[in-house]
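K.L.:
Provided below: structure-v6.txt, containing compact mmCIF, C-alpha atoms.
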```txt
# COMPACT_ATOMS: atom_id res chain seq x y z
CA ALA F 11 68.55 15.51 89.78
CA SER F 12 70.48 18.30 88.01
CA VAL F 13 73.98 17.51 86.92
CA PRO F 14 76.01 20.41 85.54
CA VAL F 15 78.03 19.54 82.48
CA THR F 16 80.38 21.45 80.24
CA ALA F 17 81.06 21.28 76.51
CA GLU F 18 83.86 18.81 77.18
CA SER F 19 81.66 16.46 79.32
CA SER F 20 80.07 13.17 78.15
CA VAL F 21 76.90 11.61 79.65
CA VAL F 22 76.55 7.80 79.85
CA PHE F 23 73.43 5.93 81.09
CA GLN F 24 74.23 2.44 82.28
CA GLY F 25 71.75 -0.18 83.65
CA VAL F 26 71.38 -3.94 84.20
CA ARG F 27 68.18 -5.58 82.97
CA GLY F 28 66.63 -8.61 84.62
CA ASN F 29 65.04 -11.83 83.21
CA GLY F 30 61.69 -11.62 81.53
CA PHE F 31 59.75 -8.71 80.27
CA LYS F 32 59.67 -7.16 83.66
CA GLY F 33 63.40 -6.87 83.60
CA ASP F 34 63.43 -4.16 80.90
CA ILE F 35 64.90 -0.83 81.66
CA ALA F 36 63.28 2.49 80.71
CA ILE F 37 64.72 5.96 81.05
CA ASP F 38 62.43 8.94 80.74
CA ASP F 39 62.18 12.56 81.65
CA VAL F 40 65.74 13.39 80.62
CA SER F 41 66.41 16.90 79.36
CA ILE F 42 69.55 18.78 78.45
CA GLU F 43 69.56 22.55 78.84
CA CYS F 44 72.19 24.92 77.59
CA MET F 45 72.84 27.44 80.30
CA ALA F 46 74.54 30.70 79.40
CA GLN F 47 77.79 31.29 81.21
CA PRO F 48 77.85 34.26 83.51
CA PRO F 49 79.54 37.23 81.90
CA SER F 50 83.21 37.59 82.52
CA PRO F 51 84.09 40.45 84.77
CA PRO F 52 85.02 43.55 82.79
CA ILE F 53 88.66 43.94 82.09
CA THR F 54 89.87 47.13 83.66
CA PRO F 55 92.35 48.84 81.35
CA PRO F 56 95.68 49.51 82.96
CA SER F 57 96.02 52.92 84.47
CA PRO F 58 97.98 55.28 82.26
CA ALA F 59 101.50 55.91 83.31
CA PRO F 60 101.80 59.13 85.29
CA PRO F 61 103.20 62.04 83.29
CA PRO F 62 106.88 62.64 83.77
CA ARG F 63 107.60 65.00 86.57
CA SER F 64 108.51 68.45 85.44
CA PRO F 65 111.92 69.57 86.52
CA PRO F 66 111.77 72.18 89.24
CA LEU F 67 111.67 75.75 87.97
CA THR F 68 114.97 77.49 88.17
CA PRO F 69 114.54 80.80 89.95
CA PRO F 70 115.94 83.85 88.17
CA PRO F 71 119.39 84.83 89.31
CA PRO F 72 119.25 87.34 92.12
CA ASN F 73 120.34 90.87 91.56
CA PRO F 74 123.91 91.46 92.64
CA PRO F 75 124.05 92.38 96.30
CA MET F 76 124.04 96.05 97.08
CA ALA F 77 127.18 97.62 98.35
CA PRO F 78 127.01 98.69 101.99
CA GLY F 79 125.45 102.09 102.48
CA LEU F 80 123.12 101.92 99.44
CA GLN F 81 119.35 102.17 99.83
CA LEU F 82 117.12 100.19 97.46
CA VAL F 83 114.66 102.34 95.50
CA LEU F 84 111.96 100.78 93.31
CA THR F 85 109.89 103.78 92.18
CA VAL F 86 110.45 107.28 90.88
CA GLN F 87 108.09 108.61 93.55
CA HIS F 88 110.29 107.13 96.28
CA MET F 89 113.31 108.86 94.75
CA ARG F 90 111.48 112.18 94.59
CA THR F 91 110.39 111.87 98.22
CA LEU F 92 113.94 111.17 99.40
CA LEU F 93 115.28 114.12 97.42
CA ALA F 94 112.54 116.46 98.66
CA ASN F 95 113.34 115.54 102.28
CA ALA F 96 117.12 115.84 101.91
CA SER F 97 118.72 118.92 103.40
CA ASN F 98 121.31 120.98 101.54
CA GLY F 99 124.55 119.06 101.25
CA GLU F 100 123.04 115.80 102.52
CA SER F 101 124.30 112.63 100.81
CA LEU F 102 121.87 110.10 99.35
CA SER F 103 123.19 106.81 97.99
CA LEU F 104 120.53 104.80 96.15
CA TYR F 105 120.55 101.45 94.37
CA LEU F 106 118.36 100.83 91.30
CA PRO F 107 117.99 97.12 90.30
CA SER F 108 119.31 96.07 86.91
CA GLU F 109 116.88 96.45 83.97
CA ARG F 110 114.15 97.97 86.13
CA ARG F 111 112.51 100.88 84.30
CA TYR F 112 111.86 104.28 85.88
CA GLU F 113 109.68 106.70 83.91
CA LEU F 114 110.01 110.30 85.07
CA GLY F 115 106.58 111.28 83.80
CA GLY F 116 107.25 114.84 82.65
CA ALA F 117 109.31 116.21 85.55
CA ALA F 118 113.08 116.01 85.99
CA LEU F 119 114.65 114.56 89.12
CA ASP F 120 115.43 117.64 91.21
CA VAL F 121 118.70 116.91 93.00
CA GLY F 122 118.73 120.38 94.52
CA GLN F 123 121.82 121.03 96.63
CA SER F 124 122.07 117.47 97.94
CA HIS F 125 124.76 114.98 96.93
CA LEU F 126 122.96 112.19 95.07
CA THR F 127 124.53 108.87 94.06
CA LEU F 128 122.57 106.45 91.86
CA VAL F 129 124.10 103.02 91.27
CA SER F 130 122.94 100.05 89.20
CA ALA F 131 124.53 96.77 88.11
CA GLY F 132 124.36 94.28 85.25
CA LYS F 133 122.69 95.83 82.20
CA GLY F 134 121.69 98.79 84.33
CA ALA F 135 118.39 100.30 85.41
CA VAL F 136 116.65 102.49 82.82
CA LEU F 137 115.78 106.11 83.61
CA SER F 138 113.62 107.56 80.86
CA ALA F 139 112.24 111.05 80.45
CA GLY F 140 110.23 109.99 77.39
CA GLY F 141 111.16 113.14 75.50
CA LEU F 142 109.13 115.27 77.96
CA THR F 143 111.79 116.77 80.22
CA ARG F 144 115.47 116.60 81.06
CA LEU F 145 116.58 113.82 83.42
CA PHE F 146 118.43 115.70 86.20
CA ASP F 147 118.42 119.21 87.60
CA VAL F 148 121.29 119.96 89.98
CA SER F 149 121.18 123.26 91.86
CA THR F 150 124.08 125.47 92.93
CA GLY F 151 126.64 123.46 94.87
CA GLY F 152 124.79 120.15 94.39
CA HIS F 153 126.36 116.96 93.11
CA VAL F 154 125.11 113.93 91.21
CA ALA F 155 127.06 110.68 90.69
CA LEU F 156 125.64 108.13 88.25
CA GLN F 157 127.03 104.64 87.78
CA GLY F 158 125.92 101.78 85.52
CA LEU F 159 122.63 103.35 84.37
CA GLN F 160 120.78 103.68 81.09
CA LEU F 161 119.70 107.31 80.64
CA ARG F 162 117.21 107.89 77.82
CA GLY F 163 114.95 110.40 76.19
CA GLY F 164 115.85 113.69 77.90
CA ARG F 165 114.60 116.87 76.29
CA ALA F 166 114.89 120.56 77.20
CA SER F 167 115.71 123.84 75.53
CA ALA F 168 119.19 123.45 77.04
CA GLY F 169 120.69 120.50 78.90
CA GLY F 170 118.71 117.58 77.51
CA ALA F 171 120.03 115.00 79.98
CA ILE F 172 121.60 116.98 82.85
CA ARG F 173 121.59 120.64 83.91
CA LEU F 174 124.25 121.77 86.36
CA MET F 175 123.77 125.17 87.93
CA ALA F 176 126.67 127.31 89.23
CA ASN F 177 129.37 125.29 91.02
CA ALA F 178 127.36 122.07 90.72
CA THR F 179 129.20 118.89 89.74
CA ALA F 180 128.40 115.58 88.05
CA SER F 181 130.32 112.32 87.81
CA VAL F 182 128.95 109.81 85.30
CA SER F 183 130.62 106.43 84.81
CA ARG F 184 129.77 103.29 82.82
CA CYS F 185 126.43 104.73 81.74
CA THR F 186 124.60 104.60 78.43
CA VAL F 187 123.12 107.97 77.48
CA SER F 188 120.93 108.14 74.39
CA ASP F 189 118.30 110.14 72.51
CA CYS F 190 118.58 113.45 74.38
CA ILE F 191 117.71 116.76 72.77
CA GLY F 192 118.60 120.35 73.65
CA LEU F 193 121.40 122.88 73.37
CA GLY F 194 123.84 120.68 75.21
CA GLY F 195 121.89 117.48 74.62
CA LEU F 196 124.13 115.66 77.09
CA VAL F 197 124.78 118.39 79.64
CA LEU F 198 124.37 122.12 80.29
CA LEU F 199 126.98 123.60 82.65
CA GLU F 200 126.44 127.03 84.19
CA ASP F 201 129.07 129.17 85.97
CA ALA F 202 132.04 127.08 87.16
CA ALA F 203 130.08 123.83 87.00
CA ALA F 204 132.06 120.67 86.21
CA ALA F 205 131.14 117.27 84.80
CA THR F 206 133.11 114.11 84.16
CA PHE F 207 131.96 111.27 81.91
CA ASP F 208 134.03 108.09 82.14
CA ALA F 209 133.62 104.92 80.02
CA CYS F 210 130.15 105.96 78.82
CA ASP F 211 128.35 105.12 75.58
CA ILE F 212 126.76 108.33 74.27
CA SER F 213 124.52 108.38 71.22
CA ASN F 214 121.92 110.53 69.44
CA MET F 215 122.60 113.79 71.25
CA SER F 216 121.20 116.75 69.34
CA THR F 217 119.81 120.25 69.55
CA SER F 218 116.15 120.86 68.85
CA ALA F 219 117.28 122.03 65.40
CA PRO F 220 118.93 119.01 63.71
CA GLN F 221 121.09 121.19 61.47
CA HIS F 222 123.12 122.34 64.49
CA ALA F 223 123.92 118.79 65.65
CA MET F 224 126.88 118.33 67.99
CA SER F 225 128.99 121.03 66.37
CA GLN F 226 126.61 123.66 67.72
CA GLY F 227 126.10 122.40 71.26
CA GLY F 228 124.36 119.12 70.57
CA LEU F 229 126.68 117.38 73.05
CA ALA F 230 127.51 119.93 75.75
CA LEU F 231 126.88 123.63 76.41
CA LEU F 232 129.32 125.38 78.74
CA ARG F 233 129.01 128.86 80.19
CA ARG F 234 131.51 130.99 82.11
CA ALA F 235 134.39 128.85 83.34
CA ALA F 236 132.49 125.59 83.28
CA HIS F 237 134.39 122.40 82.56
CA VAL F 238 133.48 119.01 81.08
CA SER F 239 135.70 115.96 80.67
CA LEU F 240 134.98 112.84 78.61
CA ARG F 241 137.34 109.90 79.10
CA HIS F 242 137.19 106.54 77.33
CA CYS F 243 133.70 107.35 76.02
CA SER F 244 132.05 106.18 72.82
CA ILE F 245 130.16 108.96 71.01
CA LEU F 246 127.86 108.22 68.09
```
Represent the supplied structure as structure tokens.
P.N.:
Amino acid sequence: ASVPVTAESSVVFQGVRGNGFKGDIAIDDVSIECMAQPPSPPITPPSPAPPPRSPPLTPPPPNPPMAPGLQLVLTVQHMRTLLANASNGESLSLYLPSERRYELGGAALDVGQSHLTLVSAGKGAVLSAGGLTRLFDVSTGGHVALQGLQLRGGRASAGGAIRLMANATASVSRCTVSDCIGLGGLVLLEDAAAATFDACDISNMSTSAPQHAMSQGGLALLRRAAHVSLRHCSIL
């Protein structure tokens, strides 16, 4: 018979002998085998703790809501199409999102004889001519109103940023105008044209010949009864 034992077990053989030689006791065919224990089941390491959950992404703040009556415009081409389709004297009121950049690509925005209003908020949308052309052309009797914009890099022989033809008008408020070149780097005003700049930061206006600077028309060039007014503006 097989009797399993462990290292802590003891084995005792006990018998009772009888009288005479036939009463002896003999034990034979006893063997002890060391049996290997079955392997312990593998210890599964504890699962790593899950990584901490990332906080939800905070969406960027929305652009300020547009005032009623403004149309959102996201590309220069859209602006050009609206201006091309506007009839003489028609009013266009457009909203340009803050800090969005609009590159004119070598051709000024032709306001024609329409009445164009461009409005931005916050730090202001950027309109850049890249030193290739002026920013705005306004034909006889047309009007442009600019509010909260960054106007950069206009260049022309005259009227680096804005050219107003006869009886055209411009109203520019809370805009930054910089790096415009031409006789009248900021504005050229033809017969009886009028422009008002209010609370604007104006810098680096010059003629194409640096020696003339603002004293020789680097800021504004007026012809025949034209009028320009700058109120509460910073000029560098």
K.L.:
Show me, as a PyMOL selection string, the residues that have an atom within 12 Å of segment 149-153 of chain F when counting all atoms listed in the file, minus same-chain residues fewer than 4 positions from it.
P.N.:
chain F and resi 93+96-103+119-128+172-182+199-206
K.L.:
Any idea what's packed within 8 Å of Asn214 of chain F, counting all atoms listed in the file, ignoring anything in its chain fewer than 6 positions away? Could you give it as number ranges by chain?
P.N.:
F: 188-190, 246
K.L.:
Can you work out which one of F:Val197, F:Leu161, F:Ile212, F:Val136 has the shortest atom-to-atom distance to Ser108 of chain F, counting only C-alpha atoms?
P.N.:
F:Val136
K.L.:
Can you work out the spacing between atom CA of Val83 of chain F and atom CA of Gly116 of chain F in Å, to one decimal?
P.N.:
19.4 Å
K.L.:
Need the shell around Gln157 of chain F: protein/DNA/RNA residues with any atom at most 7 Å away, counting all atoms listed in the file. Skip same-chain ones fewer than 2 positions apart. Format as number ranges by chain?
P.N.:
F: 128-130, 155, 159, 182-185
K.L.:
Have a look at atom CA of Val238 of chain F and atom CA of Gly192 of chain F and let me know their distance in Å, one decimal.
P.N.:
16.7 Å
K.L.:
Give me the residues near Pro107 of chain F as a VMD selection string, where near means some atom within 9 Å (using only C-alpha atoms) and where sequence neighbours in that chain fewer than 4 positions away do not count.
P.N.:
chain F and resid 73 to 74 82 to 84 111 129 to 132 134 to 135
K.L.:
Filtering to C-alpha atoms, could you give me those residues as a PDB file, in the coordinates of the input?
P.N.:
```
ATOM      1  CA  ASN F  73     120.340  90.870  91.560  1.00  0.00           C
ATOM      2  CA  PRO F  74     123.910  91.460  92.640  1.00  0.00           C
ATOM      3  CA  LEU F  82     117.120 100.190  97.460  1.00  0.00           C
ATOM      4  CA  VAL F  83     114.660 102.340  95.500  1.00  0.00           C
ATOM      5  CA  LEU F  84     111.960 100.780  93.310  1.00  0.00           C
ATOM      6  CA  ARG F 111     112.510 100.880  84.300  1.00  0.00           C
ATOM      7  CA  VAL F 129     124.100 103.020  91.270  1.00  0.00           C
ATOM      8  CA  SER F 130     122.940 100.050  89.200  1.00  0.00           C
ATOM      9  CA  ALA F 131     124.530  96.770  88.110  1.00  0.00           C
ATOM     10  CA  GLY F 132     124.360  94.280  85.250  1.00  0.00           C
ATOM     11  CA  GLY F 134     121.690  98.790  84.330  1.00  0.00           C
ATOM     12  CA  ALA F 135     118.390 100.300  85.410  1.00  0.00           C
TER      13      ALA F 135
END
```
K.L.:
Could you give me, as a PyMOL selection string, the residues that sit within 12 Å of (139.9, 104.0, 76.1) in the file's coordinates, counting only C-alpha atoms?
P.N.:
chain F and resi 208-211+240-244
K.L.:
Could you dump the residues just selected with C-alpha atoms as a short mmCIF file (atom, residue, chain, number, x, y, z; two decimals), in the frame of the given file?
P.N.:
```cif
data_model
loop_
_atom_site.label_atom_id
_atom_site.label_comp_id
_atom_site.auth_asym_id
_atom_site.auth_seq_id
_atom_site.Cartn_x
_atom_site.Cartn_y
_atom_site.Cartn_z
CA ASP F 208 134.03 108.09 82.14
CA ALA F 209 133.62 104.92 80.02
CA CYS F 210 130.15 105.96 78.82
CA ASP F 211 128.35 105.12 75.58
CA LEU F 240 134.98 112.84 78.61
CA ARG F 241 137.34 109.90 79.10
CA HIS F 242 137.19 106.54 77.33
CA CYS F 243 133.70 107.35 76.02
CA SER F 244 132.05 106.18 72.82
#
```
K.L.:
Grab the atom CA of Ala139 of chain F to atom CA of Gly79 of chain F distance for me, in Å with one decimal place.
P.N.:
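Computed distance, atom CA of Ala139 of chain F to atom CA of Gly79 of chain F, equals 27.2 Å.
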K.L.:
Which residues are near Gly115 of chain F? Cut-off 10 Å, only C-alpha atoms, ignore same chain within fewer than 6 positions. Put them as a list in words.
P.N.:
Val86, Ser138, Ala139, Gly140, Gly141, Leu142 and Thr143 of chain F
K.L.:
For a quick check of understanding, using only C-alpha atoms, which of F:Leu92, F:Leu106, F:Leu145, F:Val40 has the smallest distance to Ser12 of chain F?
P.N.:
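Closest residue, counting only C-alpha atoms: F:Val40.
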